>>> print(open('coords.csv').read())   # CSV, C-alpha atoms
chain,number,residue,atom,x,y,z
N,15,MET,CA,-40.3,-8.8,11.6
N,16,THR,CA,-43.2,-6.5,10.6
N,17,SER,CA,-45.7,-7.4,8.0
N,18,ALA,CA,-44.4,-4.6,5.7
N,19,GLU,CA,-40.9,-6.1,6.0
N,20,GLY,CA,-42.2,-9.6,5.2
N,21,LEU,CA,-44.1,-8.3,2.2
N,22,GLU,CA,-40.9,-6.5,0.9
N,23,MET,CA,-38.9,-9.7,1.3
N,24,ASP,CA,-41.6,-11.8,-0.4
N,25,ARG,CA,-41.7,-9.6,-3.5
N,26,GLY,CA,-38.0,-8.7,-3.4
N,27,PRO,CA,-36.7,-11.5,-5.6
N,28,ALA,CA,-39.4,-11.0,-8.2
N,29,TRP,CA,-39.1,-7.2,-8.5
N,30,ARG,CA,-35.8,-5.7,-9.4
N,31,ARG,CA,-34.8,-2.1,-9.8
N,32,PRO,CA,-33.8,-1.2,-13.4
N,33,GLY,CA,-30.1,-1.1,-14.0
N,34,ILE,CA,-28.1,1.8,-15.3
N,35,GLY,CA,-28.6,0.7,-18.9
N,36,LEU,CA,-32.4,0.8,-18.7
N,37,ARG,CA,-32.2,4.1,-16.9
N,38,LEU,CA,-30.1,5.7,-19.5
N,39,LEU,CA,-32.4,4.4,-22.2
N,40,ALA,CA,-35.4,5.7,-20.3
N,41,ALA,CA,-33.8,9.1,-19.9
N,42,GLN,CA,-33.0,9.3,-23.6
N,43,ALA,CA,-36.5,8.4,-24.5
N,44,ILE,CA,-37.9,11.1,-22.2
N,45,VAL,CA,-35.6,13.6,-23.9
N,46,LEU,CA,-36.7,12.5,-27.3
N,47,ALA,CA,-40.4,12.6,-26.4
N,48,ALA,CA,-40.0,16.1,-25.0
N,49,GLY,CA,-38.2,17.3,-28.1
N,50,ALA,CA,-40.9,15.7,-30.4
N,51,ALA,CA,-43.7,17.4,-28.4
N,52,THR,CA,-41.9,20.7,-28.4
N,53,THR,CA,-41.3,20.5,-32.2
N,54,ALA,CA,-44.9,19.6,-32.8
N,55,VAL,CA,-46.3,22.4,-30.8
N,56,VAL,CA,-44.0,25.0,-32.4
N,57,ALA,CA,-44.8,23.7,-35.9
N,58,ALA,CA,-48.6,23.8,-35.2
N,59,ILE,CA,-48.6,27.3,-33.6
N,60,VAL,CA,-45.9,29.2,-35.4
N,61,GLY,CA,-45.8,27.6,-38.8
N,62,PRO,CA,-49.3,28.1,-40.3
N,63,PRO,CA,-49.6,31.9,-39.6
N,64,LEU,CA,-46.2,32.5,-41.2
N,65,PHE,CA,-47.1,30.4,-44.2
N,66,ARG,CA,-50.4,32.2,-44.6
N,67,GLU,CA,-48.7,35.6,-44.4
N,68,HIS,CA,-46.3,34.7,-47.2
N,69,LEU,CA,-49.3,33.5,-49.3
N,70,HIS,CA,-51.0,36.9,-48.9
N,71,ARG,CA,-47.8,38.7,-49.8
N,72,ALA,CA,-47.6,36.6,-52.9
N,73,GLY,CA,-51.1,37.7,-54.0
N,74,VAL,CA,-53.2,34.7,-53.0
N,75,PRO,CA,-56.6,35.9,-51.9
N,76,THR,CA,-57.8,35.3,-48.3
N,77,ASN,CA,-60.0,32.2,-47.8
N,78,SER,CA,-59.6,31.2,-51.5
N,79,LEU,CA,-59.3,27.7,-52.7
N,80,GLU,CA,-55.7,28.3,-53.5
N,81,GLU,CA,-55.0,29.3,-49.9
N,82,VAL,CA,-56.9,26.3,-48.5
N,83,HIS,CA,-55.0,23.8,-50.7
N,84,ALA,CA,-51.7,25.4,-50.0
N,85,GLU,CA,-52.2,25.3,-46.3
N,86,GLU,CA,-53.2,21.6,-46.5
N,87,ALA,CA,-50.1,20.8,-48.5
N,88,TYR,CA,-48.0,22.7,-46.1
N,89,GLY,CA,-49.5,20.8,-43.1
N,90,TYR,CA,-48.9,17.4,-44.8
N,91,ALA,CA,-45.3,18.3,-45.7
N,92,THR,CA,-44.6,19.6,-42.2
N,93,VAL,CA,-46.0,16.4,-40.6
N,94,ILE,CA,-44.1,14.1,-43.0
N,95,SER,CA,-40.8,15.9,-42.7
N,96,ILE,CA,-40.8,16.5,-39.0
N,97,GLY,CA,-42.2,13.0,-38.3
N,98,GLY,CA,-39.5,11.4,-40.5
N,99,ALA,CA,-36.7,13.4,-39.0
N,100,LEU,CA,-37.9,12.7,-35.5
N,101,ALA,CA,-38.2,9.0,-36.2
N,102,VAL,CA,-34.7,8.8,-37.7
N,103,SER,CA,-33.3,10.9,-34.8
N,104,ALA,CA,-35.1,8.7,-32.2
N,105,LEU,CA,-33.8,5.5,-33.7
N,106,ALA,CA,-30.2,6.8,-34.0
N,107,ALA,CA,-30.3,8.3,-30.4
N,108,LEU,CA,-31.8,5.1,-28.9
N,109,ALA,CA,-29.3,2.9,-30.8
N,110,VAL,CA,-26.3,5.0,-29.6
N,111,SER,CA,-27.7,5.1,-26.1
N,112,TRP,CA,-28.3,1.4,-26.1
N,113,TYR,CA,-24.7,0.7,-27.2
N,114,VAL,CA,-23.2,3.1,-24.6
N,115,SER,CA,-25.4,1.9,-21.8
N,116,ARG,CA,-24.6,-1.8,-22.6
N,117,ARG,CA,-20.9,-1.1,-22.4
N,118,LEU,CA,-21.3,1.0,-19.3
N,119,GLN,CA,-23.5,-1.6,-17.7
N,120,ARG,CA,-21.1,-4.4,-18.6
N,121,SER,CA,-18.2,-2.4,-17.0
N,122,VAL,CA,-20.2,-1.6,-13.8
N,123,THR,CA,-21.3,-5.3,-13.6
N,124,GLU,CA,-17.7,-6.4,-14.0
N,125,VAL,CA,-16.5,-4.0,-11.2
N,126,ALA,CA,-19.4,-5.1,-9.0
N,127,SER,CA,-18.6,-8.8,-9.5
N,128,ALA,CA,-14.9,-8.2,-8.9
N,129,ALA,CA,-15.7,-6.3,-5.7
N,130,THR,CA,-17.9,-9.2,-4.5
N,131,ALA,CA,-15.0,-11.6,-5.3
N,132,VAL,CA,-12.6,-9.4,-3.3
N,133,ALA,CA,-15.0,-9.4,-0.4
N,134,ASP,CA,-15.0,-13.2,-0.6
N,135,GLY,CA,-11.2,-13.2,-0.3
N,136,ARG,CA,-10.2,-13.6,-4.0
N,137,TYR,CA,-7.6,-10.8,-4.1
N,138,ASP,CA,-6.2,-11.9,-7.4
N,139,ILE,CA,-9.2,-10.6,-9.4
N,140,ARG,CA,-8.7,-7.7,-11.8
N,141,VAL,CA,-11.0,-5.7,-14.0
N,142,SER,CA,-10.2,-4.6,-17.6
N,143,PRO,CA,-10.3,-0.9,-18.5
N,144,PRO,CA,-13.8,0.0,-20.0
N,145,HIS,CA,-12.4,2.7,-22.4
N,146,LEU,CA,-15.4,4.8,-21.7
N,147,GLY,CA,-13.5,7.9,-20.7
N,148,GLU,CA,-10.7,8.9,-18.3
N,149,ASP,CA,-13.0,8.7,-15.2
N,150,PHE,CA,-14.0,5.1,-15.8
N,151,ASP,CA,-10.5,4.0,-16.7
N,152,ALA,CA,-9.2,5.7,-13.5
N,153,LEU,CA,-11.9,3.8,-11.5
N,154,ALA,CA,-10.7,0.5,-13.0
N,155,ASP,CA,-7.1,1.3,-12.3
N,156,ALA,CA,-7.9,2.3,-8.7
N,157,PHE,CA,-9.8,-0.9,-8.2
N,158,ASN,CA,-6.9,-3.0,-9.6
N,159,GLN,CA,-4.4,-1.2,-7.3
N,160,MET,CA,-6.7,-1.8,-4.3
N,161,ALA,CA,-7.0,-5.5,-5.1
N,162,MET,CA,-3.2,-5.7,-5.6
N,163,GLN,CA,-2.5,-4.1,-2.3
N,164,LEU,CA,-5.0,-6.3,-0.5
N,165,GLN,CA,-3.4,-9.3,-2.1
N,166,THR,CA,0.0,-8.2,-0.8
N,167,VAL,CA,-1.4,-7.5,2.6
N,168,GLU,CA,-3.0,-10.9,2.7
N,169,ALA,CA,0.1,-12.7,1.6
N,170,THR,CA,2.1,-10.8,4.2
N,171,ARG,CA,-0.4,-11.7,6.9
N,172,ARG,CA,-0.3,-15.4,6.1
N,173,ARG,CA,3.4,-15.4,6.0
N,174,LEU,CA,3.6,-13.5,9.3
N,175,PHE,CA,1.2,-16.0,11.0
N,176,GLY,CA,3.1,-18.9,9.6
N,177,ASP,CA,6.4,-17.4,10.9
N,178,LEU,CA,4.8,-16.7,14.3
N,179,ALA,CA,3.6,-20.2,14.6
N,180,HIS,CA,6.9,-21.6,13.5
N,181,GLU,CA,8.9,-19.5,16.0
N,182,ILE,CA,6.6,-20.3,19.0
N,183,ARG,CA,6.3,-24.0,18.2
N,184,THR,CA,9.8,-25.1,19.2
N,185,PRO,CA,10.0,-23.6,22.7
N,186,VAL,CA,6.4,-24.6,23.4
N,187,ALA,CA,7.1,-28.2,22.3
N,188,VAL,CA,10.2,-28.3,24.6
N,189,LEU,CA,8.3,-26.9,27.5
N,190,GLU,CA,5.5,-29.4,27.0
N,191,ALA,CA,7.9,-32.4,26.7
N,192,TYR,CA,9.7,-31.4,29.9
N,193,VAL,CA,6.5,-30.8,31.8
N,194,GLU,CA,5.1,-34.2,30.7
N,195,ALA,CA,8.4,-35.9,31.7
N,196,LEU,CA,8.2,-34.3,35.1
N,197,GLU,CA,4.6,-35.4,35.5
N,198,ASP,CA,5.4,-39.0,34.5
N,199,GLY,CA,8.4,-39.1,36.8
N,200,VAL,CA,10.8,-39.7,33.9
N,201,ARG,CA,12.7,-36.5,34.9
N,202,THR,CA,13.2,-34.8,38.1
N,203,LEU,CA,13.4,-31.0,38.7
N,204,THR,CA,17.2,-30.8,38.7
N,205,PRO,CA,19.0,-27.5,38.3
N,206,GLN,CA,19.8,-28.4,34.7
N,207,THR,CA,16.1,-29.1,34.0
N,208,ALA,CA,15.1,-25.8,35.7
N,209,ALA,CA,17.7,-24.0,33.6
N,210,MET,CA,16.3,-25.5,30.4
N,211,LEU,CA,12.8,-24.5,31.3
N,212,ARG,CA,13.9,-21.0,32.2
N,213,ASP,CA,15.8,-20.7,28.9
N,214,GLN,CA,12.7,-21.6,26.9
N,215,THR,CA,10.4,-19.3,28.8
N,216,ARG,CA,12.9,-16.5,28.3
N,217,ARG,CA,13.0,-17.3,24.6
N,218,LEU,CA,9.2,-16.9,24.5
N,219,VAL,CA,9.3,-13.6,26.4
N,220,ARG,CA,12.1,-12.3,24.2
N,221,PHE,CA,10.2,-13.3,21.1
N,222,ALA,CA,7.1,-11.5,22.3
N,223,SER,CA,9.2,-8.4,23.1
N,224,ASP,CA,10.7,-8.5,19.6
N,225,VAL,CA,7.3,-8.8,17.9
N,226,ALA,CA,6.0,-5.9,20.0
N,227,ALA,CA,9.1,-3.9,19.1
N,228,LEU,CA,8.6,-4.6,15.4
N,229,ALA,CA,5.0,-3.5,15.5
N,230,GLN,CA,6.0,-0.3,17.3
N,231,ALA,CA,8.8,0.4,14.9
N,232,GLU,CA,6.5,0.0,11.9
N,233,GLU,CA,4.1,2.6,13.5
N,234,SER,CA,6.9,4.8,14.8
N,235,SER,CA,6.3,7.7,12.4
N,236,THR,CA,3.3,8.8,14.5
N,237,SER,CA,5.0,8.3,17.9
N,238,MET,CA,8.5,9.6,17.5
N,239,GLU,CA,9.9,12.6,19.3
N,240,TRP,CA,11.8,14.7,16.9
N,241,ASN,CA,14.8,16.6,18.2
N,242,PRO,CA,18.3,17.6,17.1
N,243,ILE,CA,20.7,14.7,17.7
N,244,ASN,CA,24.4,14.9,18.3
N,245,VAL,CA,25.7,12.1,16.1
N,246,ASP,CA,29.1,11.7,17.8
N,247,HIS,CA,27.3,11.5,21.2
N,248,LEU,CA,24.9,8.9,19.8
N,249,LEU,CA,27.7,6.7,18.5
N,250,GLN,CA,29.7,6.9,21.7
N,251,ARG,CA,26.6,6.1,23.7
N,252,CYS,CA,25.7,3.0,21.6
N,253,ALA,CA,29.3,1.8,21.7
N,254,ALA,CA,29.5,2.1,25.5
N,255,ALA,CA,26.2,0.2,25.9
N,256,ALA,CA,27.5,-2.7,23.7
N,257,GLN,CA,31.1,-2.7,25.0
N,258,GLU,CA,30.5,-5.3,27.8
N,259,ARG,CA,29.0,-7.9,25.4
N,260,PHE,CA,31.8,-7.3,22.9
N,261,GLU,CA,34.4,-7.9,25.6
N,262,ARG,CA,32.6,-11.1,26.7
N,263,GLN,CA,32.6,-12.4,23.1
N,264,GLY,CA,36.3,-11.4,22.6
N,265,VAL,CA,35.4,-9.1,19.7
N,266,ALA,CA,37.0,-5.6,19.4
N,267,LEU,CA,34.7,-2.6,18.9
N,268,ARG,CA,36.1,0.5,17.3
N,269,THR,CA,34.3,3.8,16.8
N,270,THR,CA,35.4,6.3,14.1
N,271,ALA,CA,33.6,9.5,13.2
N,272,HIS,CA,34.6,12.5,11.1
N,273,THR,CA,35.0,15.6,13.1
N,274,LYS,CA,32.4,18.4,13.1
N,275,LEU,CA,29.5,16.2,12.2
N,276,PRO,CA,26.3,18.3,12.1
N,277,PRO,CA,23.3,17.3,14.2
N,278,ILE,CA,20.6,15.3,12.5
N,279,TRP,CA,16.8,15.6,13.1
N,280,GLY,CA,15.2,12.5,14.6
N,281,ASP,CA,14.3,10.4,17.6
N,282,GLU,CA,17.5,9.6,19.5
N,283,LEU,CA,16.1,6.6,21.3
N,284,ARG,CA,14.9,5.0,18.1
N,285,LEU,CA,18.1,5.6,16.3
N,286,ALA,CA,20.0,4.2,19.2
N,287,GLN,CA,17.8,1.1,18.9
N,288,VAL,CA,18.8,0.9,15.2
N,289,LEU,CA,22.5,1.0,16.1
N,290,ALA,CA,22.1,-1.4,19.0
N,291,ASN,CA,20.4,-3.9,16.7
N,292,LEU,CA,23.1,-3.6,14.1
N,293,LEU,CA,25.9,-4.0,16.7
N,294,ASP,CA,24.1,-7.0,18.3
N,295,ASN,CA,23.8,-8.6,14.8
N,296,ALA,CA,27.5,-7.9,14.1
N,297,VAL,CA,28.8,-9.3,17.4
N,298,ARG,CA,26.5,-12.4,17.1
N,299,HIS,CA,28.1,-13.3,13.8
N,300,THR,CA,31.7,-12.4,14.5
N,301,ALA,CA,34.0,-15.0,16.1
N,302,SER,CA,36.3,-14.3,19.0
N,303,GLY,CA,39.3,-12.3,17.8
N,304,GLY,CA,37.4,-10.5,15.2
N,305,SER,CA,36.5,-6.8,15.1
N,306,VAL,CA,33.5,-4.5,14.5
N,307,GLU,CA,33.7,-0.8,13.4
N,308,LEU,CA,31.0,1.8,14.0
N,309,SER,CA,31.6,4.8,11.8
N,310,ALA,CA,29.9,8.0,10.6
N,311,ARG,CA,30.7,10.4,7.8
N,312,ILE,CA,29.0,13.1,5.6
N,313,ASP,CA,28.3,12.3,2.0
N,314,GLY,CA,26.8,15.4,0.3
N,315,PRO,CA,23.3,16.0,1.8
N,316,ARG,CA,23.3,12.7,3.7
N,317,LEU,CA,24.8,11.3,6.9
N,318,VAL,CA,26.2,7.8,6.4
N,319,ILE,CA,26.5,5.5,9.5
N,320,GLY,CA,28.3,2.2,8.9
N,321,VAL,CA,28.6,-1.0,11.0
N,322,SER,CA,31.2,-3.3,9.5
N,323,ASP,CA,32.4,-6.6,10.9
N,324,THR,CA,35.0,-9.3,10.1
N,325,GLY,CA,32.5,-12.1,10.8
N,326,GLU,CA,30.8,-14.8,8.9
N,327,GLY,CA,29.6,-12.7,5.9
N,328,ILE,CA,26.5,-13.2,3.9
N,329,ALA,CA,26.1,-15.2,0.7
N,330,ALA,CA,24.9,-13.2,-2.3
N,331,GLU,CA,21.6,-15.0,-2.6
N,332,HIS,CA,20.7,-14.0,1.0
N,333,LEU,CA,21.5,-10.3,0.7
N,334,PRO,CA,18.1,-9.2,-0.8
N,335,HIS,CA,16.3,-10.9,2.1
N,336,VAL,CA,18.4,-9.8,5.1
N,337,PHE,CA,15.9,-7.2,6.3
N,338,GLU,CA,12.8,-9.4,5.9
N,339,ARG,CA,11.1,-10.3,9.2
N,340,PHE,CA,12.0,-13.8,10.5
N,341,TYR,CA,14.4,-14.4,7.6
N,342,ARG,CA,17.6,-16.3,8.4
N,343,ALA,CA,20.3,-17.5,6.1
N,344,ASP,CA,21.7,-20.9,6.8
N,345,ASN,CA,24.9,-19.7,8.4
N,346,ALA,CA,24.6,-16.0,9.1
N,347,ARG,CA,21.2,-16.0,10.8
N,348,ASP,CA,20.4,-19.3,12.4
N,349,ARG,CA,18.4,-19.8,15.7
N,350,GLU,CA,21.4,-20.9,17.7
N,351,HIS,CA,22.8,-17.4,17.6
N,352,GLY,CA,19.8,-16.0,19.5
N,353,GLY,CA,17.4,-13.6,18.0
N,354,ALA,CA,14.0,-14.3,16.4
N,355,GLY,CA,15.1,-12.9,13.0
N,356,ILE,CA,13.4,-9.5,13.3
N,357,GLY,CA,16.1,-7.3,14.7
N,358,LEU,CA,17.2,-6.1,11.2
N,359,ALA,CA,13.5,-5.7,10.2
N,360,ILE,CA,13.1,-3.4,13.2
N,361,ALA,CA,16.1,-1.4,12.2
N,362,LYS,CA,14.9,-1.0,8.7
N,363,ALA,CA,11.4,0.2,9.9
N,364,LEU,CA,12.9,2.8,12.2
N,365,VAL,CA,15.3,4.1,9.5
N,366,VAL,CA,12.6,4.4,6.9
N,367,ALA,CA,10.4,6.2,9.5
N,368,HIS,CA,13.2,8.8,9.7
N,369,GLY,CA,13.2,9.2,5.9
N,370,GLY,CA,16.5,7.3,5.5
N,371,ALA,CA,17.6,4.0,3.9
N,372,ILE,CA,19.6,1.0,5.0
N,373,HIS,CA,21.4,-1.7,3.0
N,374,VAL,CA,24.0,-4.4,3.5
N,375,ASP,CA,27.0,-5.4,1.4
N,376,SER,CA,29.1,-8.5,1.8
N,377,PRO,CA,31.8,-10.1,-0.4
N,378,GLY,CA,30.5,-13.5,0.6
N,379,PRO,CA,30.8,-16.1,3.4
N,380,GLY,CA,33.8,-15.6,5.7
N,381,SER,CA,34.4,-12.1,4.4
N,382,GLY,CA,32.4,-10.0,6.9
N,383,ALA,CA,29.5,-7.6,6.1
N,384,VAL,CA,28.9,-3.9,6.1
N,385,PHE,CA,25.5,-2.4,7.1
N,386,THR,CA,25.1,1.2,6.0
N,387,VAL,CA,22.4,3.6,7.3
N,388,THR,CA,21.8,6.8,5.2
N,389,MET,CA,20.0,9.7,6.9
N,390,PRO,CA,19.0,12.9,5.2
N,391,LEU,CA,20.4,16.2,6.5
N,392,ARG,CA,18.6,19.5,6.5
N,393,ALA,CA,19.7,22.1,4.0
N,394,SER,CA,21.2,24.3,6.8
N,395,ASP,CA,23.1,21.3,8.3
N,396,THR,CA,24.5,20.4,4.8
N,397,GLN,CA,25.8,23.9,4.3
N,398,ARG,CA,27.5,23.9,7.7
N,399,ALA,CA,29.0,20.5,7.1
N,400,ASN,CA,30.4,21.6,3.7
N,401,ALA,CA,31.8,24.8,5.2
N,402,ALA,CA,33.4,22.7,8.0
N,403,ALA,CA,34.9,20.3,5.5
N,404,ARG,CA,36.4,23.2,3.4
N,405,SER,CA,37.9,24.8,6.5
N,406,GLY,CA,39.4,21.5,7.6
N,407,THR,CA,41.2,21.1,4.2
N,408,ARG,CA,42.8,24.5,4.3
>>> encode(input="coords.csv", output="structure tokens")
Amino acid sequence: MTSAEGLEMDRGPAWRRPGIGLRLLAAQAIVLAAGAATTAVVAAIVGPPLFREHLHRAGVPTNSLEEVHAEEAYGYATVISIGGALAVSALAALAVSWYVSRRLQRSVTEVASAATAVADGRYDIRVSPPHLGEDFDALADAFNQMAMQLQTVEATRRRLFGDLAHEIRTPVAVLEAYVEALEDGVRTLTPQTAAMLRDQTRRLVRFASDVAALAQAEESSTSMEWNPINVDHLLQRCAAAAQERFERQGVALRTTAHTKLPPIWGDELRLAQVLANLLDNAVRHTASGGSVELSARIDGPRLVIGVSDTGEGIAAEHLPHVFERFYRADNARDREHGGAGIGLAIAKALVVAHGGAIHVDSPGPGSGAVFTVTMPLRASDTQRANAAARSGTR
């Protein structure tokens, strides 16, 4: 540290720069002083000659006693009137400036304190509108919105870390217990033990893959390859990819699509991932002997893709939370059925990245569920679809 820096640090706490209030008062005082000086100079230079000229026009002799007394009276009156006016103006201006500067300084101080609190992690802090004009009110609103978004992000981050720790804890604990049992000789490495260890490691690998897929899905708007997509081909491709698992589970899979569906604009691989996740969710919660239907139709300017099943159904209290990451209902989304609880969150992120929407309906437990994906059509595609529908009805 140099001697100059040390001197600056030594005198730093004792010397503070003036705040915005003092600066406003100082600026107002300078303006008033400049105005007073200008008034005094103009009154001293311009006033007496004009007054003397009017006296001469009125018949007062030059250099007479009357002229001298009149000029003295004029000087006294000018000084008293201008001095009084300037004094009153200065007091009024300084009072108004002091009031405004105090309010402004209080507002700035509140924002500064709130910003410090946010920097310390207190995202629940808010500032009140200063009512000093539209600009300052907009600043307060922008700060409050920023703090609110940071609070939401922080809450999401904490919940995400908690969910991650919860999901990883179980397989890690099982692996640790089996490894300790093998080390202590309590267990031997039988095929059953090896299968158990392999299942838990696969579960960790699958969970890591799901989390990576979710992160990629939430950032997909910047990495998608947009191309025209043949909807019927997309449905047939996804159904064929899932057919083997459906047959293994004993669940029937049907595909129905209205004819002459127009192409949609999007990333075919990502939309195939959406349908794969929805089909996987459907077969996981549909018992043997049940059925799942994958359908597509045109509804005005939108393409509607549906995945309906005759499975376990979803209770009404769980419907608003189905697409939340790591969320599982007691019956419809428990761990024994496989996934980490983020497949539907991935599907929603990808659909939203395409400008669409996804929602779920279910009459209740035991009555199945219907997942609906709504994708926007381009204007030209909508016109072609409407023309095809009219020609088909004739």
>>> atom_distance(input="coords.csv", atom1="atom CA of N:Ser111", atom2="atom CA of N:Asp151")
19.6 Å
>>> closest_residue(input="coords.csv", among="N:Ile59, N:Met160, N:Ala361, N:Ala87", to="N:Arg339", atoms="all atoms listed in the file")
N:Ala361
>>> atom_distance(input="coords.csv", atom1="atom CA of N:Gln214", atom2="atom CA of N:Phe175")
20.4 Å
>>> atom_distance(input="coords.csv", atom1="atom CA of N:Arg220", atom2="atom CA of N:Ala169")
25.6 Å
>>> residues_around(input="coords.csv", residues="N:Val132", least_positions_apart="4", cutoff="12 Å", atoms="all atoms listed in the file", output="list in words")
Val125, Ala126, Ser127, Ala128, Arg136, Tyr137, Asp138, Ile139, Arg140, Val141, Phe157, Asn158, Met160, Ala161, Met162, Gln163, Leu164, Gln165 and Glu168 of chain N
>>> closest_residue(input="coords.csv", among="N:Leu249, N:Ala301, N:Ile243, N:Val200", to="N:Arg262", atoms="only C-alpha atoms")
N:Ala301
>>> closest_residue(input="coords.csv", among="N:Val102, N:Val93, N:Ala156, N:Leu308", to="N:Cys252", atoms="all atoms listed in the file")
N:Leu308
>>> closest_residue(input="coords.csv", among="N:Leu317, N:Val193, N:Ala41, N:Ala208", to="N:Val245", atoms="all atoms listed in the file")
N:Leu317
>>> closest_residue(input="coords.csv", among="N:Thr269, N:Gln159, N:Asn241, N:Gln230", to="N:Ala254", atoms="only C-alpha atoms")
N:Thr269
>>> closest_residue(input="coords.csv", among="N:Ala229, N:Ala109, N:Ala253, N:Val288", to="N:Gly370", atoms="only C-alpha atoms")
N:Val288
>>> residues_around(input="coords.csv", residues="N:His373", least_positions_apart="3", cutoff="10 Å", atoms="only C-alpha atoms", output="list of chain:residue names")
N:Gly320, N:Leu333, N:Pro334, N:Val336, N:Phe337, N:Lys362, N:Val384, N:Phe385, N:Thr386, N:Val387, N:Thr388
>>> residues_around(input="coords.csv", residues="N:Ala256", least_positions_apart="4", cutoff="12 Å", atoms="only C-alpha atoms", output="count of residues only")
27
